[in-house]
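J.: Structure supplied as model.pdb; contents: PDB, C-alpha atoms (C1' of nucleotides).
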```
ATOM      1  CA  MET A1441      -2.195  14.774   4.986
ATOM      2  CA  LEU A1442       0.758  13.302   6.778
ATOM      3  CA  THR A1443       3.853  11.814   5.265
ATOM      4  CA  ARG A1444       3.538   8.054   5.082
ATOM      5  CA  GLU A1445       6.317   7.739   7.637
ATOM      6  CA  LEU A1446       4.713   9.936  10.264
ATOM      7  CA  ALA A1447       1.419   8.205   9.613
ATOM      8  CA  GLY A1448       3.135   4.900  10.284
ATOM      9  CA  ALA A1449       4.728   6.166  13.454
ATOM     10  CA  SER A1450       1.527   7.598  14.864
ATOM     11  CA  VAL A1451      -1.121   4.969  14.085
ATOM     12  CA  ARG A1452      -0.012   2.560  16.744
ATOM     13  CA  PRO A1453       0.447   5.064  19.605
ATOM     14  CA  LEU A1454      -2.847   6.715  18.706
ATOM     15  CA  ILE A1455      -4.748   3.433  18.668
ATOM     16  CA  LEU A1456      -3.186   2.278  21.915
ATOM     17  CA  SER A1457      -3.904   5.605  23.591
ATOM     18  CA  ILE A1458      -7.496   5.735  22.402
ATOM     19  CA  LEU A1459      -8.112   2.176  23.568
ATOM     20  CA  SER A1460      -6.526   2.956  26.930
ATOM     21  CA  GLU A1461      -9.599   5.092  27.568
ATOM     22  CA  GLY A1462     -11.829   2.075  27.011
ATOM     23  CA  GLU A1463     -12.727  -0.397  24.289
ATOM     24  CA  SER A1464     -13.739   0.808  20.864
ATOM     25  CA  TYR A1465     -14.099  -0.384  17.278
ATOM     26  CA  GLY A1466     -12.495   0.438  13.948
ATOM     27  CA  TYR A1467     -14.936   2.902  12.572
ATOM     28  CA  ALA A1468     -15.158   4.819  15.860
ATOM     29  CA  ILE A1469     -11.381   4.917  16.245
ATOM     30  CA  LEU A1470     -11.217   6.456  12.802
ATOM     31  CA  SER A1471     -13.679   9.212  13.700
ATOM     32  CA  ARG A1472     -11.967   9.781  17.024
ATOM     33  CA  ILE A1473      -8.684  10.381  15.245
ATOM     34  CA  GLU A1474     -10.342  12.691  12.776
ATOM     35  CA  ALA A1475     -11.932  14.665  15.608
ATOM     36  CA  LEU A1476      -8.719  14.824  17.651
ATOM     37  CA  SER A1477      -6.908  16.275  14.655
ATOM     38  CA  ASP A1478      -9.651  18.793  13.869
ATOM     39  CA  GLY A1479     -10.270  17.009  10.613
ATOM     40  CA  VAL A1480      -6.680  17.089   9.432
ATOM     41  CA  LEU A1481      -5.988  13.373   9.785
ATOM     42  CA  ALA A1482      -8.368  11.033   8.026
ATOM     43  CA  TRP A1483      -7.007   7.569   7.464
ATOM     44  CA  ASP A1484      -8.494   5.321   4.866
ATOM     45  CA  ASP A1485     -10.206   2.498   6.737
ATOM     46  CA  GLY A1486      -8.387   0.041   4.523
ATOM     47  CA  THR A1487      -5.231   1.266   6.210
ATOM     48  CA  LEU A1488      -6.519   0.961   9.750
ATOM     49  CA  TYR A1489      -7.999  -2.529   9.740
ATOM     50  CA  PRO A1490      -4.812  -4.395   8.846
ATOM     51  CA  VAL A1491      -3.053  -2.478  11.612
ATOM     52  CA  LEU A1492      -5.648  -3.612  14.139
ATOM     53  CA  HIS A1493      -5.267  -7.195  12.939
ATOM     54  CA  ARG A1494      -1.508  -7.075  13.259
ATOM     55  CA  MET A1495      -1.726  -5.582  16.720
ATOM     56  CA  GLN A1496      -4.105  -8.323  17.783
ATOM     57  CA  ASN A1497      -1.796 -10.972  16.319
ATOM     58  CA  LYS A1498       1.010  -9.591  18.424
ATOM     59  CA  GLY A1499      -1.196  -9.842  21.478
ATOM     60  CA  LEU A1500      -1.548  -6.103  22.083
ATOM     61  CA  LEU A1501      -5.306  -6.133  21.552
ATOM     62  CA  GLU A1502      -8.169  -8.545  21.985
ATOM     63  CA  SER A1503     -11.423  -8.331  20.085
ATOM     64  CA  SER A1504     -15.005  -9.477  20.347
ATOM     65  CA  TRP A1505     -17.880  -9.236  17.914
ATOM     66  CA  ARG A1506     -20.927  -7.682  19.470
ATOM     67  CA  ARG A1507     -24.167  -6.193  18.306
ATOM     68  CA  ALA A1508     -24.587  -2.522  19.125
ATOM     69  CA  ASP A1509     -27.834  -0.876  20.221
ATOM     70  CA  THR A1510     -28.104   0.391  16.675
ATOM     71  CA  GLY A1511     -28.404  -3.199  15.568
ATOM     72  CA  ARG A1512     -25.074  -3.228  13.746
ATOM     73  CA  ARG A1513     -22.359  -5.801  14.209
ATOM     74  CA  ARG A1514     -19.148  -4.311  15.499
ATOM     75  CA  LYS A1515     -15.767  -5.729  16.348
ATOM     76  CA  TYR A1516     -14.754  -4.188  19.647
ATOM     77  CA  TYR A1517     -11.096  -3.974  20.518
ATOM     78  CA  ALA A1518      -9.605  -3.678  24.005
ATOM     79  CA  LEU A1519      -6.038  -3.369  25.294
ATOM     80  CA  THR A1520      -4.356  -6.397  26.779
ATOM     81  CA  ASP A1521      -1.710  -6.069  29.489
ATOM     82  CA  LYS A1522       0.886  -6.452  26.797
ATOM     83  CA  GLY A1523      -0.823  -3.641  24.940
ATOM     84  CA  ARG A1524      -0.633  -1.400  27.967
ATOM     85  CA  ARG A1525       3.067  -2.077  28.308
ATOM     86  CA  ALA A1526       3.528  -1.409  24.596
ATOM     87  CA  LEU A1527       1.775   1.930  24.995
ATOM     88  CA  GLU A1528       4.154   2.872  27.774
ATOM     89  CA  ARG A1529       7.157   2.000  25.609
ATOM     90  CA  GLU A1530       5.818   3.863  22.573
ATOM     91  CA  LYS A1531       5.093   6.862  24.730
ATOM     92  CA  GLN A1532       8.638   6.974  26.090
ATOM     93  CA  GLN A1533      10.033   6.642  22.594
ATOM     94  CA  TRP A1534       7.821   9.391  21.262
ATOM     95  CA  LEU A1535       8.821  11.734  24.075
ATOM     96  CA  GLN A1536      12.478  10.877  23.459
ATOM     97  CA  VAL A1537      12.322  11.889  19.816
ATOM     98  CA  ASP A1538      10.096  14.831  20.613
ATOM     99  CA  ALA A1539      12.680  16.136  23.072
ATOM    100  CA  MET A1540      15.375  15.948  20.402
ATOM    101  CA  LEU A1541      13.275  17.825  17.861
ATOM    102  CA  ALA A1542      12.207  20.354  20.487
ATOM    103  CA  GLU A1543      15.838  21.068  21.215
ATOM    104  CA  LEU A1544      16.675  21.496  17.534
ATOM    105  CA  TRP A1545      13.655  23.709  17.050
ATOM    106  CA  GLY A1546      14.301  25.808  20.130
ATOM    107  CA  LEU A1547      11.029  24.805  21.779
ATOM    108  CA  GLN A1548      10.735  24.519  25.503
ATOM    109  CA  PRO A1549      11.170  20.981  26.807
ATOM    110  CA  ARG A1550       8.111  19.207  28.054
ATOM    111  CA  LEU A1551       7.744  19.012  31.813
ATOM    112  CA  THR A1552       7.108  15.510  32.996
TER     113      THR A1552
ATOM    114  CA  MET B  51      16.032   1.362  20.114
ATOM    115  CA  LEU B  52      13.071   2.884  18.341
ATOM    116  CA  THR B  53      10.321   1.079  16.512
ATOM    117  CA  ARG B  54      11.060   1.019  12.804
ATOM    118  CA  GLU B  55       8.059   3.274  12.234
ATOM    119  CA  LEU B  56       9.153   6.001  14.625
ATOM    120  CA  ALA B  57      12.659   5.729  13.250
ATOM    121  CA  GLY B  58      11.235   6.275   9.785
ATOM    122  CA  ALA B  59       9.186   9.247  10.896
ATOM    123  CA  SER B  60      12.044  10.954  12.669
ATOM    124  CA  VAL B  61      15.022  10.497  10.330
ATOM    125  CA  ARG B  62      13.923  13.072   7.826
ATOM    126  CA  PRO B  63      12.905  15.808  10.289
ATOM    127  CA  LEU B  64      16.085  15.237  12.276
ATOM    128  CA  ILE B  65      18.305  15.452   9.206
ATOM    129  CA  LEU B  66      16.539  18.536   7.905
ATOM    130  CA  SER B  67      16.729  20.212  11.310
ATOM    131  CA  ILE B  68      20.393  19.411  11.803
ATOM    132  CA  LEU B  69      21.247  20.700   8.340
ATOM    133  CA  SER B  70      19.229  23.856   8.968
ATOM    134  CA  GLU B  71      21.980  24.775  11.418
ATOM    135  CA  GLY B  72      24.546  24.523   8.649
ATOM    136  CA  GLU B  73      25.976  21.959   6.265
ATOM    137  CA  SER B  74      27.226  18.652   7.526
ATOM    138  CA  TYR B  75      28.090  15.134   6.368
ATOM    139  CA  GLY B  76      26.791  11.647   6.990
ATOM    140  CA  TYR B  77      29.117  10.516   9.697
ATOM    141  CA  ALA B  78      28.771  13.760  11.647
ATOM    142  CA  ILE B  79      24.974  13.730  11.355
ATOM    143  CA  LEU B  80      25.023  10.266  12.841
ATOM    144  CA  SER B  81      27.062  11.368  15.845
ATOM    145  CA  ARG B  82      24.960  14.495  16.263
ATOM    146  CA  ILE B  83      21.841  12.348  16.509
ATOM    147  CA  GLU B  84      23.520  10.025  18.958
ATOM    148  CA  ALA B  85      24.580  12.962  21.108
ATOM    149  CA  LEU B  86      21.165  14.652  20.948
ATOM    150  CA  SER B  87      19.549  11.449  22.193
ATOM    151  CA  ASP B  88      22.098  10.922  24.962
ATOM    152  CA  GLY B  89      23.249   7.784  23.240
ATOM    153  CA  VAL B  90      19.806   6.218  22.918
ATOM    154  CA  LEU B  91      19.479   6.572  19.159
ATOM    155  CA  ALA B  92      22.255   5.130  17.060
ATOM    156  CA  TRP B  93      21.339   4.493  13.468
ATOM    157  CA  ASP B  94      23.327   2.134  11.360
ATOM    158  CA  ASP B  95      25.115   4.225   8.756
ATOM    159  CA  GLY B  96      23.811   1.863   6.100
ATOM    160  CA  THR B  97      20.380   3.176   6.993
ATOM    161  CA  LEU B  98      21.290   6.845   6.863
ATOM    162  CA  TYR B  99      23.114   7.040   3.536
ATOM    163  CA  PRO B 100      20.237   5.841   1.347
ATOM    164  CA  VAL B 101      18.007   8.372   3.094
ATOM    165  CA  LEU B 102      20.412  11.183   2.255
ATOM    166  CA  HIS B 103      20.538  10.007  -1.354
ATOM    167  CA  ARG B 104      16.769   9.924  -1.637
ATOM    168  CA  MET B 105      16.447  13.361  -0.096
ATOM    169  CA  GLN B 106      18.970  14.701  -2.559
ATOM    170  CA  ASN B 107      17.122  13.053  -5.443
ATOM    171  CA  LYS B 108      13.975  14.834  -4.356
ATOM    172  CA  GLY B 109      15.868  18.107  -4.343
ATOM    173  CA  LEU B 110      15.764  18.677  -0.587
ATOM    174  CA  LEU B 111      19.532  18.554  -0.244
ATOM    175  CA  GLU B 112      22.563  19.332  -2.326
ATOM    176  CA  SER B 113      25.950  17.779  -1.796
ATOM    177  CA  SER B 114      29.580  18.437  -2.563
ATOM    178  CA  TRP B 115      32.669  16.351  -2.032
ATOM    179  CA  ARG B 116      35.350  18.187  -0.162
ATOM    180  CA  ARG B 117      38.527  17.337   1.630
ATOM    181  CA  ALA B 118      38.511  18.144   5.336
ATOM    182  CA  ASP B 119      41.437  19.551   7.297
ATOM    183  CA  THR B 120      41.962  16.036   8.568
ATOM    184  CA  GLY B 121      42.712  15.021   5.012
ATOM    185  CA  ARG B 122      39.602  12.852   4.661
ATOM    186  CA  ARG B 123      37.146  13.059   1.819
ATOM    187  CA  ARG B 124      33.672  13.993   2.965
ATOM    188  CA  LYS B 125      30.390  14.498   1.193
ATOM    189  CA  TYR B 126      28.881  17.636   2.649
ATOM    190  CA  TYR B 127      25.132  18.093   2.496
ATOM    191  CA  ALA B 128      23.264  21.399   2.674
ATOM    192  CA  LEU B 129      19.574  22.290   2.600
ATOM    193  CA  THR B 130      18.052  23.652  -0.570
ATOM    194  CA  ASP B 131      15.109  26.054  -0.495
ATOM    195  CA  LYS B 132      12.883  23.107  -1.160
ATOM    196  CA  GLY B 133      14.478  21.374   1.804
ATOM    197  CA  ARG B 134      13.757  24.347   4.026
ATOM    198  CA  ARG B 135      10.119  24.300   2.982
ATOM    199  CA  ALA B 136       9.989  20.550   3.575
ATOM    200  CA  LEU B 137      11.339  21.077   7.079
ATOM    201  CA  GLU B 138       8.596  23.574   7.788
ATOM    202  CA  ARG B 139       5.945  21.118   6.611
ATOM    203  CA  GLU B 140       7.394  18.211   8.561
ATOM    204  CA  LYS B 141       7.586  20.360  11.639
ATOM    205  CA  GLN B 142       3.927  21.368  11.402
ATOM    206  CA  GLN B 143       2.930  17.745  10.910
ATOM    207  CA  TRP B 144       4.975  16.595  13.845
ATOM    208  CA  LEU B 145       3.464  19.248  16.099
ATOM    209  CA  GLN B 146       0.002  18.285  14.871
ATOM    210  CA  VAL B 147       0.412  14.650  15.854
ATOM    211  CA  ASP B 148       2.232  15.619  19.024
ATOM    212  CA  ALA B 149      -0.702  17.776  20.070
ATOM    213  CA  MET B 150      -3.074  14.854  19.573
ATOM    214  CA  LEU B 151      -0.938  12.518  21.643
ATOM    215  CA  ALA B 152      -0.406  15.172  24.293
ATOM    216  CA  GLU B 153      -4.151  15.518  24.630
ATOM    217  CA  LEU B 154      -4.636  11.760  24.931
ATOM    218  CA  TRP B 155      -1.831  11.540  27.437
ATOM    219  CA  GLY B 156      -2.997  14.491  29.473
ATOM    220  CA  LEU B 157       0.157  16.502  28.848
ATOM    221  CA  GLN B 158       0.090  20.238  28.621
ATOM    222  CA  PRO B 159      -0.103  21.534  25.055
ATOM    223  CA  ARG B 160       2.968  23.149  23.621
ATOM    224  CA  LEU B 161       2.914  26.911  23.468
ATOM    225  CA  THR B 162       3.731  28.218  20.036
TER     226      THR B 162
ATOM    227  C1'  DA C 168     -36.934   0.551  -3.920
ATOM    228  C1'  DA C 169     -32.981   3.265  -3.855
ATOM    229  C1'  DC C 170     -29.664   5.615  -1.394
ATOM    230  C1'  DT C 171     -26.487   6.878   2.376
ATOM    231  C1'  DA C 172     -23.883   6.056   6.349
ATOM    232  C1'  DT C 173     -22.109   2.613   9.055
ATOM    233  C1'  DA C 174     -19.022  -1.266   9.502
ATOM    234  C1'  DC C 175     -15.843  -4.620   8.149
ATOM    235  C1'  DC C 176     -12.300  -7.050   4.941
ATOM    236  C1'  DT C 177      -8.368  -8.249   1.309
ATOM    237  C1'  DG C 178      -4.706  -8.089  -2.319
ATOM    238  C1'  DG C 179      -1.148  -6.003  -4.687
ATOM    239  C1'  DA C 180       1.890  -2.025  -5.701
ATOM    240  C1'  DG C 181       5.197   0.724  -4.099
ATOM    241  C1'  DT C 182       8.232   2.362  -0.490
ATOM    242  C1'  DC C 183      11.031   2.187   3.269
ATOM    243  C1'  DT C 184      14.178   0.487   7.227
ATOM    244  C1'  DC C 185      17.469  -2.726   8.465
ATOM    245  C1'  DC C 186      21.372  -5.581   8.095
ATOM    246  C1'  DA C 187      25.287  -7.641   6.235
ATOM    247  C1'  DG C 188      28.927  -6.843   3.589
ATOM    248  C1'  DG C 189      32.209  -4.001   0.964
ATOM    249  C1'  DT C 190      35.770  -0.060  -0.190
ATOM    250  C1'  DA C 191      39.078   3.400   1.214
ATOM    251  C1'  DT C 192      42.258   6.183   4.093
ATOM    252  C1'  DA C 193      44.352   8.971   8.123
ATOM    253  C1'  DG C 194      46.764   8.450  12.329
ATOM    254  C1'  DG C 195      48.904   5.908  16.021
ATOM    255  C1'  DC C 196      51.817   2.233  17.681
ATOM    256  C1'  DG C 197      55.285  -1.223  17.782
TER     257       DG C 197
ATOM    258  C1'  DC D1024      57.075  -0.479   7.672
ATOM    259  C1'  DG D1025      52.817  -3.146   8.885
ATOM    260  C1'  DC D1026      48.825  -3.479  11.729
ATOM    261  C1'  DC D1027      44.911  -1.642  13.900
ATOM    262  C1'  DT D1028      41.209   1.557  14.822
ATOM    263  C1'  DA D1029      38.287   5.253  13.736
ATOM    264  C1'  DT D1030      36.585   7.766  10.135
ATOM    265  C1'  DA D1031      33.912   7.969   5.923
ATOM    266  C1'  DC D1032      31.238   6.308   2.249
ATOM    267  C1'  DC D1033      28.351   2.816  -0.532
ATOM    268  C1'  DT D1034      24.987  -1.181  -2.195
ATOM    269  C1'  DG D1035      21.726  -5.161  -2.423
ATOM    270  C1'  DG D1036      18.258  -7.943  -0.728
ATOM    271  C1'  DA D1037      14.928  -9.293   2.909
ATOM    272  C1'  DG D1038      11.125  -8.113   5.287
ATOM    273  C1'  DA D1039       7.633  -4.913   6.852
ATOM    274  C1'  DC D1040       4.468  -1.495   6.210
ATOM    275  C1'  DT D1041       1.136   2.178   4.167
ATOM    276  C1'  DC D1042      -1.902   3.138   0.618
ATOM    277  C1'  DC D1043      -5.435   2.411  -2.631
ATOM    278  C1'  DA D1044      -8.902   0.195  -5.074
ATOM    279  C1'  DG D1045     -12.286  -2.825  -4.682
ATOM    280  C1'  DG D1046     -15.539  -5.812  -2.237
ATOM    281  C1'  DT D1047     -19.389  -7.389   1.285
ATOM    282  C1'  DA D1048     -23.158  -6.417   4.383
ATOM    283  C1'  DT D1049     -26.935  -3.923   6.771
ATOM    284  C1'  DA D1050     -29.688  -0.166   9.373
ATOM    285  C1'  DG D1051     -32.169   3.817   8.551
ATOM    286  C1'  DT D1052     -34.079   7.385   5.522
ATOM    287  C1'  DT D1053     -36.465   9.156   1.454
TER     288       DT D1053
END
```
Transcribe the structure of this file into structure tokens.
T.:
Amino acid sequence: MLTRELAGASVRPLILSILSEGESYGYAILSRIEALSDGVLAWDDGTLYPVLHRMQNKGLLESSWRRADTGRRRKYYALTDKGRRALEREKQQWLQVDAMLAELWGLQPRLT
Amino acid sequence: MLTRELAGASVRPLILSILSEGESYGYAILSRIEALSDGVLAWDDGTLYPVLHRMQNKGLLESSWRRADTGRRRKYYALTDKGRRALEREKQQWLQVDAMLAELWGLQPRLT
DNA sequence: AACTATACCTGGAGTCTCCAGGTATAGGCG
DNA sequence: CGCCTATACCTGGAGACTCCAGGTATAGTT
């Protein structure tokens, strides 16, 4: 698994990025992350939900309870405008740090 | 500045990477990071020192007080073998998360 | 009727950044 | 010589966050 610090740094960008593709809900976000990482990352759901709540409190997300075709109740989350701006900021910050590490590691810089 | 989470995720890899180029000391590490980021990142030194202490406690670094040519006392830090292994792990983890974000953001994957 | 997978939530322990404040000294300047 | 600035290190407490253990509920399968 990841160090707690890297986990902390990546949850928010990952959630924002996944939701930028369209609304989703906790459980699905979890599986999406697991799939994206080829099974390497698997957050406990008890870690994810509080993060979603905090992000909603800060106005980055909005949520609505709906019943899926499967009959189950789900809490769907979608990005707000503020959330979209936050994603842009987080992305820039990530790329900033990534560029520094890439330089230290002798990797080629990313073309933007 | 960075979000506290990204700051947390990047301090350790940055320190380990900088020290992998040769020993250094707190104040110089700070300026190295500032230079690498083109002035964007500037950690408070009160944030860095406890991190160095913790890393030494975990056996990732070793330190020695020496007097520089300038006459000042400095605490030089160097990587231990354990530190070198930790760097390798952190690097893999970073690249893992980076690959996930790159995919979500539609960036080209990094060639290893 | 029992089980599994889906789907959500909370509380407390431990850990970490951040900030404010503190100590000490070399070198330059008046 | 006395003052200032840059260099160089340290600590304590506040606040924030992940992690884990535990809990609730229900659709579908056996």
J.: Could you state the separation of atom CA of Glu138 of chain B and atom CA of Met1540 of chain A in Å, given to one decimal place?
T.: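 Computing it gives 16.2 Å between the two atoms.
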J.: How close does each residue of chain A get to chain B, giving the shortest atom pair and distance in Å to one decimal for every residue with an atom at most 12 Å away, counting only C-alpha atoms, sorted by chain and residue number, as a tab-separated table?
T.:
```
residue	atom	partner	partner_atom	distance
A:Met1441	CA	B:Gln143	CA	8.4
A:Leu1442	CA	B:Gln143	CA	6.4
A:Thr1443	CA	B:Glu140	CA	8.0
A:Arg1444	CA	B:Ala59	CA	8.2
A:Glu1445	CA	B:Ala59	CA	4.6
A:Leu1446	CA	B:Ala59	CA	4.6
A:Ala1447	CA	B:Ala59	CA	7.9
A:Gly1448	CA	B:Glu55	CA	5.5
A:Ala1449	CA	B:Glu55	CA	4.6
A:Ser1450	CA	B:Val147	CA	7.2
A:Val1451	CA	B:Glu55	CA	9.5
A:Arg1452	CA	B:Glu55	CA	9.3
A:Pro1453	CA	B:Leu151	CA	7.9
A:Leu1454	CA	B:Leu151	CA	6.8
A:Ile1455	CA	B:Leu151	CA	10.3
A:Leu1456	CA	B:Leu154	CA	10.1
A:Ser1457	CA	B:Leu154	CA	6.3
A:Ile1458	CA	B:Leu154	CA	7.1
A:Leu1459	CA	B:Leu154	CA	10.3
A:Ser1460	CA	B:Leu154	CA	9.2
A:Glu1461	CA	B:Leu154	CA	8.7
A:Arg1472	CA	B:Met150	CA	10.6
A:Ile1473	CA	B:Met150	CA	8.4
A:Glu1474	CA	B:Met150	CA	10.2
A:Ala1475	CA	B:Met150	CA	9.7
A:Leu1476	CA	B:Met150	CA	6.0
A:Ser1477	CA	B:Met150	CA	6.4
A:Asp1478	CA	B:Met150	CA	9.6
A:Gly1479	CA	B:Gln146	CA	11.2
A:Val1480	CA	B:Gln146	CA	8.7
A:Leu1481	CA	B:Val147	CA	8.9
A:Ala1526	CA	B:Thr53	CA	10.8
A:Leu1527	CA	B:Trp155	CA	10.6
A:Glu1528	CA	B:Trp155	CA	10.5
A:Arg1529	CA	B:Leu52	CA	9.4
A:Glu1530	CA	B:Thr53	CA	8.0
A:Lys1531	CA	B:Trp155	CA	8.8
A:Gln1532	CA	B:Leu52	CA	9.8
A:Gln1533	CA	B:Leu52	CA	6.4
A:Trp1534	CA	B:Leu56	CA	7.6
A:Leu1535	CA	B:Asp148	CA	9.2
A:Gln1536	CA	B:Ser87	CA	7.2
A:Val1537	CA	B:Ser60	CA	7.2
A:Asp1538	CA	B:Asp148	CA	8.1
A:Ala1539	CA	B:Ser87	CA	8.4
A:Met1540	CA	B:Leu86	CA	6.0
A:Leu1541	CA	B:Leu64	CA	6.8
A:Ala1542	CA	B:Leu145	CA	9.8
A:Glu1543	CA	B:Leu86	CA	8.3
A:Leu1544	CA	B:Ser67	CA	6.4
A:Trp1545	CA	B:Ser67	CA	7.4
A:Gly1546	CA	B:Ser67	CA	10.7
A:Leu1547	CA	B:Thr162	CA	8.2
A:Gln1548	CA	B:Arg160	CA	8.1
A:Pro1549	CA	B:Arg160	CA	9.1
A:Arg1550	CA	B:Arg160	CA	7.9
A:Leu1551	CA	B:Gln158	CA	8.4
A:Thr1552	CA	B:Leu157	CA	8.2
```
J.: DG1035 of chain D: which residues within 12 Å, counting only C-alpha atoms (C1' of nucleotides), same-chain residues fewer than 4 positions away excluded, as a count of residues only?
T.: 7
J.: For the contact check between chain C and segment 1037-1053 of chain D, emit one row per residue of chain C within 12 Å, containing the shortest atom pair and the distance in Å rounded to one decimal, counting all atoms listed in the file, chain then rising number order, as a tab-separated table.
T.:
```
residue	atom	partner	partner_atom	distance
C:DA168	C1'	D:DT1053	C1'	10.2
C:DA169	C1'	D:DT1053	C1'	8.7
C:DC170	C1'	D:DT1053	C1'	8.2
C:DT171	C1'	D:DT1052	C1'	8.2
C:DA172	C1'	D:DG1051	C1'	8.9
C:DT173	C1'	D:DA1050	C1'	8.1
C:DA174	C1'	D:DA1048	C1'	8.4
C:DC175	C1'	D:DT1047	C1'	8.2
C:DC176	C1'	D:DG1046	C1'	8.0
C:DT177	C1'	D:DG1046	C1'	8.4
C:DG178	C1'	D:DG1045	C1'	9.5
C:DG179	C1'	D:DC1043	C1'	9.7
C:DA180	C1'	D:DC1042	C1'	9.0
C:DG181	C1'	D:DC1042	C1'	8.9
C:DT182	C1'	D:DT1041	C1'	8.5
C:DC183	C1'	D:DC1040	C1'	8.1
C:DT184	C1'	D:DA1039	C1'	8.5
C:DC185	C1'	D:DG1038	C1'	8.9
C:DC186	C1'	D:DA1037	C1'	9.1
C:DA187	C1'	D:DA1037	C1'	11.0
```
J.: Using only C-alpha atoms (C1' of nucleotides), determine which residues of chain D fall within 9 Å of chain B; present them as a VMD selection string.
T.: chain D and resid 1030 to 1034 1040
J.: When you draw a straight line from atom CA of Leu80 of chain B to atom C1' of DC1026 of chain D, how long is it in Å?
T.: 27.5 Å
J.: Please identify all polymer residues within 12 Å of DT1028 of chain D, counting all atoms listed in the file, omitting same-chain residues fewer than 5 positions from it, and present them as a VMD selection string.
T.: chain C and resid 192 to 196
J.: Atom CA of His1493 of chain A and atom CA of Tyr1517 of chain A are how many Å apart?
T.: 10.1 Å
J.: With distances taken over all atoms listed in the file, which residue among A:Ala1508, A:Ala1482, A:Asn1497, A:Thr1520 lies nearest chain C?
T.: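 When distances to chain C are compared using all atoms listed in the file, the smallest one comes from A:Ala1508.
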